[in-house]
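Novice: Below is the file my_file39.cif, which contains mmCIF, C-alpha atoms and all ligand atoms.
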data_entry
loop_
_atom_site.label_atom_id
_atom_site.label_comp_id
_atom_site.auth_asym_id
_atom_site.auth_seq_id
_atom_site.Cartn_x
_atom_site.Cartn_y
_atom_site.Cartn_z
CA MET G 1 -136.83 -35.91 -1.68
CA LYS G 2 -134.99 -33.10 -3.48
CA LYS G 3 -132.59 -34.22 -6.17
CA ILE G 4 -129.18 -32.59 -6.11
CA GLU G 5 -127.34 -32.60 -9.39
CA ILE G 6 -123.57 -32.50 -9.29
CA ILE G 7 -121.63 -31.36 -12.30
CA GLU G 8 -118.54 -33.49 -12.13
CA ASN G 9 -116.90 -32.67 -15.36
CA ILE G 10 -115.69 -29.10 -15.62
CA LEU G 11 -115.22 -29.41 -19.38
CA GLU G 12 -118.78 -30.70 -19.78
CA ALA G 13 -120.10 -27.75 -17.76
CA ASN G 14 -118.04 -25.44 -19.94
CA GLU G 15 -119.54 -26.98 -23.09
CA THR G 16 -123.07 -26.39 -21.79
CA ILE G 17 -122.41 -22.69 -21.19
CA ALA G 18 -120.54 -22.41 -24.51
CA SER G 19 -123.55 -23.67 -26.45
CA ARG G 20 -125.75 -21.17 -24.58
CA ASN G 21 -123.35 -18.39 -25.62
CA LYS G 22 -123.48 -19.56 -29.22
CA GLN G 23 -127.28 -19.56 -29.21
CA LEU G 24 -127.32 -16.00 -27.88
CA LEU G 25 -124.78 -14.85 -30.51
CA ASP G 26 -126.77 -16.60 -33.25
CA LYS G 27 -129.98 -14.93 -32.10
CA HIS G 28 -128.30 -11.56 -32.66
CA ARG G 29 -126.42 -12.67 -35.81
CA VAL G 30 -123.04 -11.95 -34.26
CA LEU G 31 -120.05 -13.94 -35.56
CA ALA G 32 -117.53 -14.67 -32.81
CA ILE G 33 -113.86 -15.45 -33.53
CA ASN G 34 -111.66 -16.87 -30.77
CA ILE G 35 -108.05 -15.70 -31.32
CA MET G 36 -105.45 -17.87 -29.61
CA SER G 37 -101.64 -17.92 -29.48
CA ALA G 38 -98.63 -18.07 -27.20
CA PRO G 39 -97.95 -14.80 -25.31
CA GLY G 40 -96.72 -12.06 -27.62
CA ALA G 41 -97.43 -13.74 -30.99
CA GLY G 42 -99.52 -10.75 -32.07
CA LYS G 43 -103.16 -11.24 -31.02
CA THR G 44 -103.70 -7.61 -30.00
CA SER G 45 -101.74 -6.34 -33.01
CA LEU G 46 -103.93 -8.38 -35.37
CA ILE G 47 -107.10 -7.16 -33.65
CA LEU G 48 -105.93 -3.53 -33.94
CA GLN G 49 -105.13 -3.91 -37.64
CA THR G 50 -108.48 -5.61 -38.25
CA LEU G 51 -110.37 -2.88 -36.41
CA LYS G 52 -108.64 -0.14 -38.39
CA LYS G 53 -109.18 -1.82 -41.73
CA LEU G 54 -112.80 -2.86 -41.20
CA LYS G 55 -113.93 0.38 -39.53
CA GLY G 56 -116.96 1.65 -41.42
CA LYS G 57 -117.58 -1.78 -42.94
CA LEU G 58 -118.45 -3.72 -39.77
CA ASN G 59 -119.43 -2.97 -36.19
CA ILE G 60 -116.89 -4.87 -34.11
CA ALA G 61 -116.78 -5.62 -30.39
CA ILE G 62 -113.80 -7.00 -28.51
CA ILE G 63 -113.39 -9.21 -25.47
CA GLU G 64 -109.85 -9.06 -24.10
CA GLY G 65 -108.71 -11.98 -21.93
CA ASP G 66 -105.63 -11.53 -19.79
CA VAL G 67 -104.34 -12.89 -16.51
CA ALA G 68 -104.06 -9.28 -15.29
CA SER G 69 -104.17 -5.66 -16.49
CA THR G 70 -106.24 -3.64 -18.94
CA VAL G 71 -103.28 -2.93 -21.25
CA ASP G 72 -104.75 -4.66 -24.31
CA ALA G 73 -108.28 -3.30 -23.76
CA GLU G 74 -106.87 0.25 -23.61
CA LYS G 75 -105.08 -0.29 -26.94
CA VAL G 76 -108.28 -1.24 -28.77
CA GLN G 77 -110.91 0.82 -26.95
CA ASN G 78 -110.98 3.77 -29.36
CA GLU G 79 -111.47 1.63 -32.43
CA ALA G 80 -114.13 -0.86 -31.29
CA ARG G 81 -117.89 -0.48 -30.82
CA ALA G 82 -117.56 -2.09 -27.35
CA VAL G 83 -114.71 -3.57 -25.30
CA VAL G 84 -114.84 -5.82 -22.26
CA GLN G 85 -111.68 -6.82 -20.40
CA ILE G 86 -111.69 -10.12 -18.53
CA ASN G 87 -108.95 -10.72 -15.97
CA THR G 88 -108.65 -14.42 -15.20
CA GLY G 89 -106.27 -13.96 -12.23
CA ASN G 90 -103.08 -15.85 -11.58
CA MET G 91 -104.58 -19.25 -10.76
CA PRO G 92 -103.55 -22.52 -12.41
CA GLU G 93 -107.09 -22.97 -13.76
CA SER G 94 -107.08 -19.46 -15.25
CA CYS G 95 -104.71 -20.12 -18.12
CA SER G 96 -107.56 -19.67 -20.60
CA LEU G 97 -110.85 -17.87 -21.02
CA MET G 98 -113.82 -20.07 -20.12
CA ALA G 99 -117.38 -20.00 -21.41
CA ALA G 100 -118.80 -18.62 -18.15
CA MET G 101 -116.52 -15.58 -18.42
CA ILE G 102 -117.80 -14.92 -21.94
CA GLU G 103 -121.39 -15.34 -20.73
CA SER G 104 -120.83 -12.52 -18.21
CA ALA G 105 -119.08 -10.33 -20.78
CA LEU G 106 -121.93 -10.74 -23.28
CA LYS G 107 -124.30 -9.17 -20.75
CA ASP G 108 -122.39 -5.90 -21.23
CA MET G 109 -122.34 -6.06 -25.03
CA PRO G 110 -124.75 -4.20 -27.34
CA LEU G 111 -125.32 -7.40 -29.34
CA ASP G 112 -127.89 -5.89 -31.70
CA GLY G 113 -125.38 -3.25 -32.77
CA ILE G 114 -122.50 -5.54 -33.75
CA GLU G 115 -121.78 -8.08 -36.47
CA LEU G 116 -118.37 -9.33 -35.35
CA LEU G 117 -116.99 -10.21 -31.92
CA LEU G 118 -113.23 -10.75 -31.68
CA ILE G 119 -112.17 -12.59 -28.53
CA GLU G 120 -108.49 -12.36 -27.55
CA ASN G 121 -107.78 -15.41 -25.44
CA VAL G 122 -105.12 -15.59 -22.72
CA GLY G 123 -101.64 -16.14 -24.23
CA ASN G 124 -101.23 -19.92 -24.04
CA LEU G 125 -101.05 -22.82 -26.51
CA ILE G 126 -102.48 -25.50 -24.21
CA CYS G 127 -105.51 -24.49 -22.12
CA PRO G 128 -107.50 -22.54 -24.77
CA SER G 129 -107.68 -25.68 -26.91
CA GLU G 130 -109.69 -27.40 -24.17
CA PHE G 131 -112.20 -24.68 -23.36
CA THR G 132 -114.59 -23.65 -26.12
CA LEU G 133 -116.36 -20.36 -25.57
CA GLY G 134 -119.32 -20.49 -27.95
CA GLU G 135 -117.28 -19.07 -30.80
CA HIS G 136 -118.00 -19.74 -34.50
CA ARG G 137 -114.39 -19.71 -35.69
CA ARG G 138 -111.08 -20.56 -34.01
CA VAL G 139 -107.91 -18.80 -35.14
CA VAL G 140 -104.36 -19.63 -33.97
CA ILE G 141 -101.42 -17.28 -34.47
CA SER G 142 -97.83 -18.54 -34.59
CA SER G 143 -95.07 -15.96 -34.89
CA LEU G 144 -91.65 -16.50 -36.43
CA PRO G 145 -89.52 -16.03 -33.26
CA GLU G 146 -91.42 -18.94 -31.62
CA GLY G 147 -89.98 -21.45 -34.14
CA ASP G 148 -91.62 -23.64 -36.75
CA ASP G 149 -92.07 -26.69 -34.49
CA LYS G 150 -95.08 -25.44 -32.51
CA PRO G 151 -97.71 -27.48 -34.42
CA THR G 152 -95.67 -30.60 -33.69
CA LYS G 153 -95.25 -29.78 -29.99
CA TYR G 154 -98.73 -28.38 -29.30
CA PRO G 155 -100.90 -30.17 -31.90
CA LEU G 156 -104.31 -29.93 -30.21
CA ILE G 157 -104.78 -26.19 -30.63
CA PHE G 158 -103.94 -26.44 -34.36
CA ILE G 159 -106.13 -29.47 -35.06
CA ASP G 160 -109.46 -27.67 -34.83
CA ALA G 161 -108.36 -24.21 -36.00
CA ASP G 162 -110.35 -22.69 -38.87
CA ALA G 163 -107.40 -20.47 -39.68
CA VAL G 164 -103.71 -20.44 -38.76
CA ILE G 165 -101.78 -17.20 -39.05
CA ILE G 166 -98.01 -17.02 -39.38
CA ASN G 167 -97.24 -13.54 -38.03
CA LYS G 168 -94.08 -11.38 -37.98
CA MET G 169 -93.14 -12.31 -41.57
CA ASP G 170 -90.96 -9.17 -41.60
CA LEU G 171 -88.56 -11.07 -39.29
CA LEU G 172 -87.98 -13.93 -41.77
CA PRO G 173 -84.45 -12.77 -42.73
CA TYR G 174 -83.38 -12.77 -39.07
CA VAL G 175 -84.82 -16.00 -37.61
CA ASP G 176 -84.66 -19.69 -38.48
CA PHE G 177 -88.23 -20.52 -39.40
CA ASP G 178 -88.94 -22.95 -42.21
CA ILE G 179 -92.31 -21.82 -43.65
CA ALA G 180 -92.63 -24.93 -45.83
CA ALA G 181 -91.97 -27.25 -42.86
CA PHE G 182 -94.54 -25.36 -40.74
CA ARG G 183 -97.12 -25.59 -43.54
CA ARG G 184 -96.41 -29.34 -43.91
CA SER G 185 -97.03 -29.88 -40.16
CA ILE G 186 -100.31 -27.95 -40.34
CA ALA G 187 -101.41 -29.84 -43.45
CA GLY G 188 -100.74 -33.11 -41.60
CA LEU G 189 -102.82 -32.08 -38.58
CA ASN G 190 -105.61 -30.10 -40.19
CA PRO G 191 -105.58 -30.11 -44.01
CA LYS G 192 -108.73 -27.94 -44.32
CA THR G 193 -107.52 -24.95 -42.32
CA GLU G 194 -106.63 -21.67 -44.03
CA VAL G 195 -103.02 -20.52 -43.56
CA PHE G 196 -102.12 -16.83 -43.73
CA GLU G 197 -98.58 -15.41 -43.86
CA ILE G 198 -98.74 -11.87 -42.51
CA SER G 199 -96.90 -9.07 -40.78
CA CYS G 200 -98.91 -6.85 -38.47
CA LYS G 201 -95.96 -4.46 -38.58
CA THR G 202 -95.68 -3.94 -42.35
CA GLY G 203 -99.19 -5.03 -43.35
CA GLU G 204 -97.76 -7.72 -45.64
CA GLY G 205 -100.30 -10.43 -46.50
CA ILE G 206 -102.98 -8.94 -44.27
CA GLU G 207 -105.43 -8.11 -47.09
CA ARG G 208 -106.26 -11.82 -47.52
CA TRP G 209 -107.04 -12.04 -43.79
CA TYR G 210 -109.53 -9.12 -43.95
CA THR G 211 -111.23 -10.74 -46.93
CA TRP G 212 -111.51 -14.03 -45.05
CA VAL G 213 -113.04 -12.27 -42.01
CA LEU G 214 -115.55 -10.41 -44.17
CA ASP G 215 -116.49 -13.66 -45.94
CA GLN G 216 -117.10 -15.38 -42.58
CA VAL G 217 -119.32 -12.52 -41.38
CA LYS G 218 -121.28 -12.53 -44.65
CA ALA G 219 -121.76 -16.31 -44.47
CA ASN G 220 -123.00 -15.94 -40.88
CA ALA G 221 -125.44 -13.16 -41.75
CA THR G 222 -127.05 -15.15 -44.56
CA ARG G 223 -127.13 -18.47 -42.65
CA ARG G 224 -130.66 -19.74 -42.09
N1 LIG G 301 -91.67 -7.32 -35.96
C1 LIG G 301 -92.94 -7.53 -35.70
N2 LIG G 301 -93.42 -7.35 -34.45
C2 LIG G 301 -94.73 -7.57 -34.21
C3 LIG G 301 -95.62 -8.00 -35.22
N3 LIG G 301 -96.85 -8.18 -34.67
C4 LIG G 301 -96.72 -7.86 -33.38
N4 LIG G 301 -95.45 -7.48 -33.08
C5 LIG G 301 -94.90 -7.06 -31.79
O1 LIG G 301 -94.91 -8.17 -30.92
C6 LIG G 301 -95.19 -7.76 -29.58
C7 LIG G 301 -96.38 -8.52 -29.03
O2 LIG G 301 -97.52 -8.20 -29.82
P1 LIG G 301 -98.99 -8.27 -29.22
O3 LIG G 301 -99.93 -7.95 -30.32
O4 LIG G 301 -99.09 -7.48 -27.97
O5 LIG G 301 -99.07 -9.83 -28.86
P2 LIG G 301 -100.20 -10.57 -28.04
O6 LIG G 301 -100.31 -11.95 -28.62
O7 LIG G 301 -101.43 -9.77 -27.97
O8 LIG G 301 -99.51 -10.67 -26.60
P3 LIG G 301 -100.22 -11.09 -25.18
O9 LIG G 301 -101.54 -10.42 -25.12
O10 LIG G 301 -99.27 -10.61 -24.17
O11 LIG G 301 -100.31 -12.60 -25.22
C8 LIG G 301 -95.41 -6.25 -29.64
O12 LIG G 301 -94.21 -5.59 -29.31
C9 LIG G 301 -95.77 -6.01 -31.11
O13 LIG G 301 -95.44 -4.71 -31.56
C10 LIG G 301 -95.11 -8.19 -36.54
O14 LIG G 301 -95.79 -8.56 -37.50
N5 LIG G 301 -93.76 -7.95 -36.70
MG MG G 302 -102.53 -9.13 -26.33
#
Since I need it in another form, could you write the structure as C-alpha cells?
Ligand SMILES: Nc1nc2c(ncn2[C@@H]2O[C@H](COP(=O)(O)OP(=O)(O)OP(=O)(O)O)[C@@H](O)[C@H]2O)c(=O)[nH]1
Ligand SMILES: [Mg+2]
Specialist:
Amino acid sequence: MKKIEIIENILEANETIASRNKQLLDKHRVLAINIMSAPGAGKTSLILQTLKKLKGKLNIAIIEGDVASTVDAEKVQNEARAVVQINTGNMPESCSLMAAMIESALKDMPLDGIELLLIENVGNLICPSEFTLGEHRRVVISSLPEGDDKPTKYPLIFIDADAVIINKMDLLPYVDFDIAAFRRSIAGLNPKTEVFEISCKTGEGIERWYTWVLDQVKANATRR
C-alpha cells in the first residue's frame, strides 16, 4: 500500500523549506538578511542607502516582497546585482513572505556572484515573525512616527531580531517618541540585539549600520 504523507502544520512545512534555503545560501556563501517593519518604516530606503554605500565593496542581490506592484523593485534595480520581486497577492495568508517564495526566487539568482542578499519583507509587524525564510540575520525597523510602544504591542518580531533600527531620527523634534523608553523595552525583550538610531533621509547614524552589515558578511565568509 502506498503511504500518503500529509503536512498538517503550515509553519512546520515552512521551516523545512527555510532550512533548505539556508543550506543553499550557505553552499554559495551568501549571507541573507530579512528586513521587516510596518508599512512605510523605511525598508526600501534603508536598502537603497545600503546599496549605494556598499557598491564596489560587495555584490548585493535584493528580493522585494510586496502584496502588489513592482514599485520597490524598480527603485533598487539599478543599484543591485540582481533583483527579484515577489507579489504575495491580497490574501489573508499573504501578509508575509514565506520560505517557498524565497525558494522560487533563489532559482533566478546568480548565487555564485553575490555575497549579500537583502530581503525586504511585506510591511507587517505580525506575520513575518512567524515565517522564517532561511535567512541568517533578522532586522526590524521602527520609525519615529509609529510611536515608541511598538515593542510592547508587537513583542514577537523584536524578540528574535539580530538588529533593531530606529529610523527617521530627523523627525525627532516633531514627534513624541521616547528613545530611552523604546530602548528599555527592547532591552527587556531581547538584551543581545544591536540597536541603531538612523535617518535614511540625512544619513545620520547610518555608518554604524554599514559597518555591522560588513562585519556580518565577513563573519559568514570565514565561517567553517
Ligand atoms: N523623514 C524621513 N523620511 C523617511 C526616512 N526613511 C524613509 N522615509 C520616507 O518614508 C516613506 C516610506 O519609506 P520606504 O522606504 O518606502 O518604506 P518601506 O518600509 O519600504 O514601505 P513599504 O514597502 O510600503 O512597507 C518614504 O516617503 C520615504 O522617503 C527618514 O529617515 N526620514
Ligand atoms: Mg518598501
Novice: Mind pulling up the distance from atom CA of Ala41 of chain G to atom C1 of ligand LIG 301 (chain G)?
Specialist: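 Here the two named atoms are 9.0 Å from each other.
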Novice: So which residues touch Asn87 of chain G within 9 Å, counting all atoms listed in the file, skipping near sequence neighbours fewer than 6 positions away, as number ranges by chain?
Specialist: G: 64-70, 94, 97
Novice: Within 8 Å of ligand MG 302 (chain G), which residues show up when you count all atoms listed in the file? List them as a CSV table (one decimal) with C-alpha atoms, in the frame of the given file, please.
Specialist:
chain,number,residue,atom,x,y,z
G,39,PRO,CA,-98.0,-14.8,-25.3
G,40,GLY,CA,-96.7,-12.1,-27.6
G,42,GLY,CA,-99.5,-10.8,-32.1
G,43,LYS,CA,-103.2,-11.2,-31.0
G,44,THR,CA,-103.7,-7.6,-30.0
G,45,SER,CA,-101.7,-6.3,-33.0
G,64,GLU,CA,-109.8,-9.1,-24.1
G,66,ASP,CA,-105.6,-11.5,-19.8
G,72,ASP,CA,-104.8,-4.7,-24.3
G,120,GLU,CA,-108.5,-12.4,-27.6
G,122,VAL,CA,-105.1,-15.6,-22.7
G,123,GLY,CA,-101.6,-16.1,-24.2
Novice: Write out as a PyMOL selection string which residues come within 8 Å of Ile141 of chain G when counting all atoms listed in the file, dropping same-chain ones fewer than 3 positions away.
Specialist: chain G and resi 35-38+41-43+164-167
Novice: Pull C-alpha atoms from the residues just selected and write them as a tab-separated table (two decimals), in the coordinates of the input.
Specialist:
chain	number	residue	atom	x	y	z
G	35	ILE	CA	-108.05	-15.70	-31.32
G	36	MET	CA	-105.45	-17.87	-29.61
G	37	SER	CA	-101.64	-17.92	-29.48
G	38	ALA	CA	-98.63	-18.07	-27.20
G	41	ALA	CA	-97.43	-13.74	-30.99
G	42	GLY	CA	-99.52	-10.75	-32.07
G	43	LYS	CA	-103.16	-11.24	-31.02
G	164	VAL	CA	-103.71	-20.44	-38.76
G	165	ILE	CA	-101.78	-17.20	-39.05
G	166	ILE	CA	-98.01	-17.02	-39.38
G	167	ASN	CA	-97.24	-13.54	-38.03
Novice: Closest to ligand LIG 301 (chain G) among G:Pro145, G:Pro151, G:Pro110, G:Gly56, using all atoms listed in the file?
Specialist: G:Pro145
Novice: Taking all atoms of ligand LIG 301 (chain G) that the file lists and extending 5 Å past them on each side, where is the centre of the axis-aligned box and how long are its edges? Answer in Å to one decimal, as JSON.
Specialist:
{"center_x": -96.6, "center_y": -8.7, "center_z": -30.8, "size_x": 19.9, "size_y": 17.9, "size_z": 23.3}
Novice: Go through G:Gly113, G:Arg223, G:Gly134, G:Asn124 and flag the residue nearest Met98 of chain G, using only C-alpha atoms for the distances.
Specialist: G:Gly134
Novice: With distances taken over all atoms listed in the file, which residue among G:Lys75, G:Lys218, G:His136, G:Arg29 lies nearest ligand LIG 301 (chain G)?
Specialist: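 Using all atoms listed in the file, ligand LIG 301 (chain G) sits closest to G:Lys75.
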Novice: Take atom CA of Glu197 of chain G and atom P2 of ligand LIG 301 (chain G) and report the distance between them in Å, one decimal.
Specialist: 16.6 Å
Novice: Would you kindly identify which residues have an atom no farther than 12 Å from (-117.8, -12.8, -19.1), using all atoms listed in the file and the file's own coordinates, and write them out as JSON, numbers by chain?
Specialist: {"G": [17, 18, 21, 62, 63, 64, 65, 83, 84, 85, 86, 87, 88, 97, 98, 99, 100, 101, 102, 103, 104, 105, 106, 107, 108, 109, 119, 133, 134]}
Novice: Please, what distance in Å, to one decimal, runs between atom CA of Leu48 of chain G and atom CA of Phe158 of chain G?
Specialist: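 Separation of atom CA of Leu48 of chain G and atom CA of Phe158 of chain G: 23.0 Å.
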Novice: Looking at G:Ile206, G:Leu54, G:Ala187, G:Ile198, which one is nearest to Glu115 of chain G, with distances taken over all atoms listed in the file?
Specialist: G:Leu54
Novice: For Trp209 of chain G, which residue among G:Ala163, G:Ile126, G:Ala181, G:Leu156 is the nearest when counting all atoms listed in the file?
Specialist: G:Ala163
Novice: Just want the 10 Å neighbourhood of Ala221 of chain G, counted on all atoms listed in the file, with same-chain residues fewer than 6 positions away dropped. Output as number ranges by chain.
Specialist: G: 26, 28-31, 115, 215
Novice: Restrict the selected residues to C-alpha atoms and save them as a CSV table (one decimal), keeping the file's coordinate frame.
Specialist:
chain,number,residue,atom,x,y,z
G,26,ASP,CA,-126.8,-16.6,-33.2
G,28,HIS,CA,-128.3,-11.6,-32.7
G,29,ARG,CA,-126.4,-12.7,-35.8
G,30,VAL,CA,-123.0,-12.0,-34.3
G,31,LEU,CA,-120.0,-13.9,-35.6
G,115,GLU,CA,-121.8,-8.1,-36.5
G,215,ASP,CA,-116.5,-13.7,-45.9
Novice: Would you mind telling me which residue in G:Asn90, G:Gln77, G:Thr132, G:Ser143 lies nearest to ligand LIG 301 (chain G) when using all atoms listed in the file?
Specialist: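 The answer is G:Ser143, which sits nearest to ligand LIG 301 (chain G).
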Novice: Using the partial input, fill out segment 31-42 of chain G with all heavy atoms; write the result as a PDB file, in the frame of the given file.
Specialist:
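This is the output file part.pdb:
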ATOM      1  N   LEU G  31    -121.074 -12.909 -35.347  1.00  0.00           N
ATOM      2  CA  LEU G  31    -120.050 -13.940 -35.560  1.00  0.00           C
ATOM      3  C   LEU G  31    -118.926 -13.734 -34.548  1.00  0.00           C
ATOM      4  O   LEU G  31    -118.375 -12.635 -34.450  1.00  0.00           O
ATOM      5  CB  LEU G  31    -119.476 -13.856 -36.977  1.00  0.00           C
ATOM      6  CG  LEU G  31    -118.407 -14.919 -37.244  1.00  0.00           C
ATOM      7  CD1 LEU G  31    -119.045 -16.170 -37.848  1.00  0.00           C
ATOM      8  CD2 LEU G  31    -117.305 -14.421 -38.150  1.00  0.00           C
ATOM      9  N   ALA G  32    -118.600 -14.785 -33.814  1.00  0.00           N
ATOM     10  CA  ALA G  32    -117.530 -14.670 -32.810  1.00  0.00           C
ATOM     11  C   ALA G  32    -116.292 -15.459 -33.255  1.00  0.00           C
ATOM     12  O   ALA G  32    -116.397 -16.616 -33.667  1.00  0.00           O
ATOM     13  CB  ALA G  32    -118.015 -15.203 -31.459  1.00  0.00           C
ATOM     14  N   ILE G  33    -115.133 -14.801 -33.177  1.00  0.00           N
ATOM     15  CA  ILE G  33    -113.860 -15.450 -33.530  1.00  0.00           C
ATOM     16  C   ILE G  33    -112.967 -15.472 -32.293  1.00  0.00           C
ATOM     17  O   ILE G  33    -112.693 -14.429 -31.692  1.00  0.00           O
ATOM     18  CB  ILE G  33    -113.138 -14.709 -34.678  1.00  0.00           C
ATOM     19  CG1 ILE G  33    -114.056 -14.625 -35.907  1.00  0.00           C
ATOM     20  CG2 ILE G  33    -111.828 -15.418 -35.024  1.00  0.00           C
ATOM     21  CD1 ILE G  33    -113.408 -13.958 -37.127  1.00  0.00           C
ATOM     22  N   ASN G  34    -112.537 -16.670 -31.925  1.00  0.00           N
ATOM     23  CA  ASN G  34    -111.660 -16.870 -30.770  1.00  0.00           C
ATOM     24  C   ASN G  34    -110.211 -16.852 -31.271  1.00  0.00           C
ATOM     25  O   ASN G  34    -109.814 -17.706 -32.059  1.00  0.00           O
ATOM     26  CB  ASN G  34    -112.023 -18.232 -30.150  1.00  0.00           C
ATOM     27  CG  ASN G  34    -111.238 -18.562 -28.898  1.00  0.00           C
ATOM     28  OD1 ASN G  34    -110.398 -17.778 -28.451  1.00  0.00           O
ATOM     29  ND2 ASN G  34    -111.498 -19.733 -28.335  1.00  0.00           N
ATOM     30  N   ILE G  35    -109.432 -15.856 -30.826  1.00  0.00           N
ATOM     31  CA  ILE G  35    -108.050 -15.700 -31.320  1.00  0.00           C
ATOM     32  C   ILE G  35    -107.083 -16.184 -30.241  1.00  0.00           C
ATOM     33  O   ILE G  35    -107.054 -15.650 -29.125  1.00  0.00           O
ATOM     34  CB  ILE G  35    -107.772 -14.228 -31.695  1.00  0.00           C
ATOM     35  CG1 ILE G  35    -108.784 -13.787 -32.764  1.00  0.00           C
ATOM     36  CG2 ILE G  35    -106.329 -14.065 -32.187  1.00  0.00           C
ATOM     37  CD1 ILE G  35    -108.658 -12.346 -33.177  1.00  0.00           C
ATOM     38  N   MET G  36    -106.309 -17.204 -30.597  1.00  0.00           N
ATOM     39  CA  MET G  36    -105.450 -17.870 -29.610  1.00  0.00           C
ATOM     40  C   MET G  36    -103.991 -17.876 -30.089  1.00  0.00           C
ATOM     41  O   MET G  36    -103.734 -17.942 -31.289  1.00  0.00           O
ATOM     42  CB  MET G  36    -105.911 -19.317 -29.426  1.00  0.00           C
ATOM     43  CG  MET G  36    -107.331 -19.414 -28.897  1.00  0.00           C
ATOM     44  SD  MET G  36    -108.042 -21.074 -29.101  1.00  0.00           S
ATOM     45  CE  MET G  36    -108.378 -21.086 -30.835  1.00  0.00           C
ATOM     46  N   SER G  37    -103.065 -17.823 -29.134  1.00  0.00           N
ATOM     47  CA  SER G  37    -101.640 -17.920 -29.480  1.00  0.00           C
ATOM     48  C   SER G  37    -100.839 -17.981 -28.183  1.00  0.00           C
ATOM     49  O   SER G  37    -101.378 -17.770 -27.098  1.00  0.00           O
ATOM     50  CB  SER G  37    -101.175 -16.696 -30.283  1.00  0.00           C
ATOM     51  OG  SER G  37    -100.928 -15.595 -29.425  1.00  0.00           O
ATOM     52  N   ALA G  38     -99.548 -18.221 -28.326  1.00  0.00           N
ATOM     53  CA  ALA G  38     -98.630 -18.070 -27.200  1.00  0.00           C
ATOM     54  C   ALA G  38     -98.546 -16.573 -26.858  1.00  0.00           C
ATOM     55  O   ALA G  38     -98.885 -15.726 -27.700  1.00  0.00           O
ATOM     56  CB  ALA G  38     -97.260 -18.608 -27.583  1.00  0.00           C
ATOM     57  N   PRO G  39     -98.088 -16.224 -25.640  1.00  0.00           N
ATOM     58  CA  PRO G  39     -97.950 -14.800 -25.310  1.00  0.00           C
ATOM     59  C   PRO G  39     -97.072 -14.078 -26.333  1.00  0.00           C
ATOM     60  O   PRO G  39     -96.019 -14.589 -26.723  1.00  0.00           O
ATOM     61  CB  PRO G  39     -97.266 -14.815 -23.932  1.00  0.00           C
ATOM     62  CG  PRO G  39     -97.598 -16.148 -23.348  1.00  0.00           C
ATOM     63  CD  PRO G  39     -97.684 -17.101 -24.522  1.00  0.00           C
ATOM     64  N   GLY G  40     -97.557 -12.921 -26.784  1.00  0.00           N
ATOM     65  CA  GLY G  40     -96.720 -12.060 -27.620  1.00  0.00           C
ATOM     66  C   GLY G  40     -96.685 -12.396 -29.107  1.00  0.00           C
ATOM     67  O   GLY G  40     -95.935 -11.769 -29.856  1.00  0.00           O
ATOM     68  N   ALA G  41     -97.472 -13.360 -29.560  1.00  0.00           N
ATOM     69  CA  ALA G  41     -97.430 -13.740 -30.990  1.00  0.00           C
ATOM     70  C   ALA G  41     -98.075 -12.675 -31.883  1.00  0.00           C
ATOM     71  O   ALA G  41     -97.804 -12.625 -33.083  1.00  0.00           O
ATOM     72  CB  ALA G  41     -98.127 -15.077 -31.205  1.00  0.00           C
ATOM     73  N   GLY G  42     -98.942 -11.836 -31.281  1.00  0.00           N
ATOM     74  CA  GLY G  42     -99.520 -10.750 -32.070  1.00  0.00           C
ATOM     75  C   GLY G  42    -101.039 -10.711 -32.101  1.00  0.00           C
ATOM     76  O   GLY G  42    -101.629 -10.135 -33.025  1.00  0.00           O
TER      77      GLY G  42
END
